[in-house]
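Participant: Take a look at structure.cif, mmCIF, C-alpha atoms:
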data_work
loop_
_atom_site.label_atom_id
_atom_site.label_comp_id
_atom_site.auth_asym_id
_atom_site.auth_seq_id
_atom_site.Cartn_x
_atom_site.Cartn_y
_atom_site.Cartn_z
CA MET T 1 66.84 14.23 112.45
CA GLY T 2 65.24 12.83 109.28
CA PHE T 3 62.45 14.32 107.20
CA CYS T 4 59.82 12.23 108.96
CA GLU T 5 60.87 13.18 112.47
CA LYS T 6 61.18 16.84 111.51
CA TYR T 7 57.67 17.29 110.13
CA PHE T 8 55.62 14.41 111.53
CA ASP T 9 55.00 12.50 114.71
CA CYS T 10 56.29 9.11 113.54
CA LYS T 11 55.21 7.14 116.61
CA ILE T 12 53.00 4.16 115.81
CA TYR T 13 50.22 4.52 118.35
CA LYS T 14 48.30 1.55 119.70
CA THR T 15 45.19 2.91 118.03
CA VAL T 16 46.89 2.45 114.64
CA TRP T 17 47.43 -1.24 115.36
CA GLY T 18 43.80 -1.45 116.52
CA ALA T 19 42.58 0.20 113.32
CA MET T 20 44.67 -2.18 111.22
CA ALA T 21 43.09 -5.12 113.04
CA LEU T 22 39.64 -3.65 112.40
CA THR T 23 40.55 -3.31 108.72
CA ILE T 24 41.35 -7.01 108.49
CA ILE T 25 38.13 -7.87 110.34
CA SER T 26 36.19 -5.61 107.95
CA VAL T 27 37.51 -7.49 104.93
CA LEU T 28 36.39 -10.76 106.51
CA LEU T 29 32.98 -9.31 107.41
CA LEU T 30 32.40 -8.54 103.75
CA PHE T 31 31.74 -12.24 103.19
CA VAL T 32 29.12 -12.62 105.94
CA LEU T 33 27.29 -9.34 106.50
CA PRO T 34 23.91 -8.81 104.82
CA ARG T 35 23.67 -6.11 102.17
CA GLU T 36 21.05 -4.23 104.20
CA ILE T 37 23.61 -3.27 106.86
CA ALA T 38 25.16 -0.77 104.43
CA TYR T 39 21.90 0.85 103.31
CA GLU T 40 21.32 4.56 103.74
CA ASN T 41 20.16 5.21 107.31
CA GLY T 42 21.25 1.66 108.13
CA PHE T 43 23.41 0.45 111.00
CA LEU T 44 26.80 1.37 109.53
CA GLU T 45 25.66 4.78 108.32
CA ASN T 46 24.21 5.58 111.75
CA LEU T 47 27.39 4.34 113.42
CA GLN T 48 29.38 6.76 111.29
CA VAL T 49 27.12 9.64 112.28
CA ALA T 50 27.56 8.71 115.95
CA GLU T 51 31.35 8.70 115.50
CA LEU T 52 31.31 12.09 113.80
CA LEU T 53 29.10 13.63 116.48
CA ALA T 54 31.49 12.26 119.10
CA GLY T 55 34.35 13.92 117.20
CA ALA T 56 32.42 17.18 117.13
CA ALA T 57 31.79 16.98 120.88
CA PHE T 58 35.47 16.27 121.53
CA SER T 59 36.43 19.27 119.40
CA VAL T 60 34.18 21.46 121.54
CA PHE T 61 35.94 20.11 124.63
CA LEU T 62 39.36 20.95 123.18
CA ALA T 63 38.20 24.42 122.12
CA ALA T 64 36.95 25.09 125.65
CA LYS T 65 40.27 23.95 127.15
CA ALA T 66 42.44 25.87 124.69
CA ILE T 67 44.30 28.83 126.15
CA GLU T 68 45.41 30.49 122.92
CA LYS T 69 42.74 31.88 120.60
CA GLU T 70 44.61 30.50 117.58
CA GLU T 71 44.32 26.95 118.89
CA ARG T 72 40.69 27.55 119.78
CA SER T 73 40.05 28.44 116.13
CA ILE T 74 41.58 25.14 115.01
CA TRP T 75 39.22 23.11 117.17
CA GLN T 76 36.25 25.25 116.15
CA ALA T 77 37.10 24.44 112.53
CA ALA T 78 37.33 20.75 113.46
CA PHE T 79 33.91 20.98 115.12
CA ILE T 80 32.28 22.40 111.98
CA SER T 81 34.11 19.84 109.83
CA PHE T 82 32.80 16.91 111.85
CA LEU T 83 29.25 18.29 111.71
CA LEU T 84 29.50 18.90 107.97
CA ILE T 85 30.64 15.33 107.29
CA ALA T 86 27.90 14.00 109.59
CA ALA T 87 25.32 15.97 107.59
CA ARG T 88 26.76 14.48 104.40
CA GLU T 89 26.46 10.98 105.84
CA LEU T 90 22.80 11.75 106.52
CA ASN T 91 22.55 12.77 102.86
CA TRP T 92 21.74 16.30 103.96
CA GLY T 93 18.70 14.99 105.83
CA ARG T 94 17.25 13.04 102.90
CA VAL T 95 17.36 9.84 104.99
CA PHE T 96 14.50 11.25 107.06
CA TYR T 97 12.29 11.35 103.96
CA PRO T 98 12.13 7.80 102.58
CA THR T 99 10.01 6.85 99.59
CA ALA T 100 8.04 3.66 99.09
CA ALA T 101 11.00 2.07 97.27
CA LEU T 102 13.56 0.24 99.38
CA ASN T 103 16.62 2.31 100.29
CA ARG T 104 15.33 5.27 98.29
CA PHE T 105 14.69 8.80 99.52
CA LEU T 106 13.20 12.03 98.23
CA PRO T 107 15.60 14.08 96.08
CA LEU T 108 17.03 17.13 97.78
CA LYS T 109 15.31 19.52 95.38
CA ASP T 110 11.90 18.23 96.55
CA LEU T 111 12.54 18.86 100.24
CA TRP T 112 11.25 22.05 101.85
CA TYR T 113 14.75 23.13 102.87
CA GLY T 114 16.51 21.80 99.75
CA PRO T 115 17.35 25.19 98.15
CA VAL T 116 19.35 26.37 101.18
CA VAL T 117 21.49 23.24 101.69
CA TYR T 118 24.32 23.97 99.27
CA PRO T 119 24.54 27.69 100.17
CA LEU T 120 24.83 26.65 103.84
CA VAL T 121 27.47 24.05 102.96
CA THR T 122 29.41 26.73 101.11
CA LEU T 123 29.20 29.07 104.11
CA ALA T 124 30.37 26.25 106.40
CA ALA T 125 33.32 25.52 104.11
CA VAL T 126 34.29 29.21 104.06
CA ALA T 127 34.01 29.32 107.86
CA ILE T 128 36.33 26.30 108.15
CA ILE T 129 38.92 27.91 105.87
CA CYS T 130 38.75 31.20 107.78
CA LEU T 131 39.11 29.48 111.15
CA PHE T 132 42.09 27.44 109.97
CA TRP T 133 43.66 30.64 108.62
CA ARG T 134 43.01 32.51 111.88
CA GLY T 135 44.41 29.57 113.80
CA ARG T 136 47.57 29.51 111.64
CA PHE T 137 46.94 25.88 110.78
CA PHE T 138 50.33 25.14 109.21
CA LEU T 139 52.20 26.65 112.14
CA PHE T 140 49.95 24.74 114.52
CA GLY T 141 50.58 21.51 112.60
CA ALA T 142 54.33 22.07 112.60
CA ARG T 143 54.31 22.68 116.34
CA ARG T 144 52.05 19.78 117.31
CA MET T 145 53.18 17.50 114.44
CA LEU T 146 50.64 15.35 112.61
CA PRO T 147 50.72 11.65 113.58
CA LEU T 148 52.13 10.18 110.38
CA TRP T 149 50.85 6.62 110.51
CA ASN T 150 47.36 7.69 111.57
CA CYS T 151 47.26 9.95 108.51
CA VAL T 152 48.67 7.25 106.20
CA LEU T 153 46.07 4.75 107.38
CA PHE T 154 43.29 7.32 107.05
CA VAL T 155 44.24 8.18 103.46
CA SER T 156 44.70 4.50 102.53
CA LEU T 157 41.29 3.52 103.90
CA PHE T 158 39.63 6.53 102.27
CA LEU T 159 41.02 5.53 98.87
CA ALA T 160 40.09 1.88 99.46
CA ALA T 161 36.54 2.90 100.41
CA ASP T 162 36.25 4.97 97.24
CA TYR T 163 37.52 2.04 95.17
CA ALA T 164 35.03 -0.34 96.80
CA GLU T 165 32.16 2.08 96.16
CA HIS T 166 32.80 2.53 92.44
CA ARG T 167 34.10 -0.86 91.37
CA PRO T 168 32.69 -4.38 91.68
CA LEU T 169 34.46 -6.68 94.11
CA SER T 170 35.05 -10.26 93.08
CA PHE T 171 36.70 -13.01 95.10
CA PHE T 172 37.07 -16.66 94.08
CA GLY T 173 34.73 -16.09 91.16
CA GLN T 174 31.94 -14.64 93.31
CA SER T 175 30.86 -11.00 93.34
CA TYR T 176 30.24 -9.05 96.54
CA ASP T 177 28.62 -5.73 97.35
CA GLY T 178 31.43 -3.20 97.62
CA GLU T 179 29.14 -0.85 99.54
CA ILE T 180 29.60 -2.96 102.68
CA MET T 181 33.38 -2.63 102.55
CA GLU T 182 33.05 1.06 101.76
CA GLU T 183 30.94 1.71 104.84
CA LEU T 184 33.14 -0.44 107.09
CA PHE T 185 36.27 1.36 105.95
CA GLU T 186 34.61 4.74 106.43
CA CYS T 187 33.80 3.77 110.02
CA ILE T 188 37.51 3.19 110.61
CA CYS T 189 38.40 6.41 108.77
CA TYR T 190 36.27 8.44 111.15
CA LEU T 191 37.83 6.71 114.14
CA MET T 192 41.22 7.74 112.76
CA MET T 193 40.00 11.33 112.39
CA ILE T 194 38.98 11.40 116.04
CA ASP T 195 42.29 9.83 117.03
CA ILE T 196 44.29 12.43 115.09
CA VAL T 197 42.37 15.17 116.92
CA ARG T 198 42.93 13.35 120.23
CA ILE T 199 46.68 13.02 119.68
CA MET T 200 47.23 16.60 118.55
CA GLY T 201 44.88 18.00 121.16
CA GLY T 202 46.49 15.92 123.90
CA LYS T 203 49.81 17.63 123.27
CA GLY T 204 48.39 20.89 124.49
CA VAL T 205 45.66 19.94 126.96
CA LYS T 206 45.91 18.31 130.35
CA TYR T 207 42.84 16.15 130.87
#
Just give me the structure as structure tokens.
Facilitator:
Amino acid sequence: MGFCEKYFDCKIYKTVWGAMALTIISVLLLFVLPREIAYENGFLENLQVAELLAGAAFSVFLAAKAIEKEERSIWQAAFISFLLIAARELNWGRVFYPTAALNRFLPLKDLWYGPVVYPLVTLAAVAIICLFWRGRFFLFGARRMLPLWNCVLFVSLFLAADYAEHRPLSFFGQSYDGEIMEELFECICYLMMIDIVRIMGGKGVKY
């Protein structure tokens, strides 16, 4: 048994092929989609929030089905993680307080709940760490085995999204808005997150 088979689930799931196809389609969509689709509180941002809330709901389902309390802690941590990322995609609620300027919103410090956001985020992060520790995350991961290619694709798309966000994209002498590619790749990233939870959860739950 090689290193890969010992520590990872090396099966290439159909969802990986699907995500790769979506990645290619996303690159092509960069040339045709309007810039507005990637705005804060726009279609792609809201799609990401919907994906993350679906992941949170699925984590609740897995936690309810878990027999061992350690596994239940893992899915509770996943639930909080999905909600935390969803809140970040909503810019901690700033998207609900637009200004007169296009695609601009009130700064967090000017919102009535602004001062408590980062303390709550810190508490949520501590809760996630504690739940993973209580759930013996590394032992759980070794037993269930992380799907390797799902993780590789997730990391690759995350890095590509970060690159697209911070650097101008130019093809055939024409510049394009990297924010569109960033948001499209993040949509696929979140699908991969849900799929990783589905695969690992499916190894211990009978639906």
Participant: Can you measure atom CA of Gly135 of chain T to atom CA of Ala78 of chain T for me? One decimal in Å is fine.
Facilitator: 11.3 Å
Participant: Step by step, work through what the PyMOL selection byres ((chain T and resi 199) around 10) selects in the shown file, and finish by giving those residues as a ChimeraX atom specification.
Facilitator: /T:9,13,144-147,150,194-198,200-204
Participant: Return the single residue from T:Leu159, T:Ala87, T:Ala54, T:Ile80 that is closest to Glu182 of chain T, with distances computed using all atoms listed in the file.
Facilitator: T:Leu159
Participant: Rounded to one decimal, what separation in Å do you get between atom CA of Ile85 of chain T and atom CA of Arg136 of chain T?
Facilitator: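 So the answer is 22.5 Å.
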Participant: Compare T:Ile129, T:Leu148, T:Ile67, T:Leu157 by their minimum atom-to-atom distance to Ile24 of chain T, counting only C-alpha atoms, and give me the closest one.
Facilitator: T:Leu157
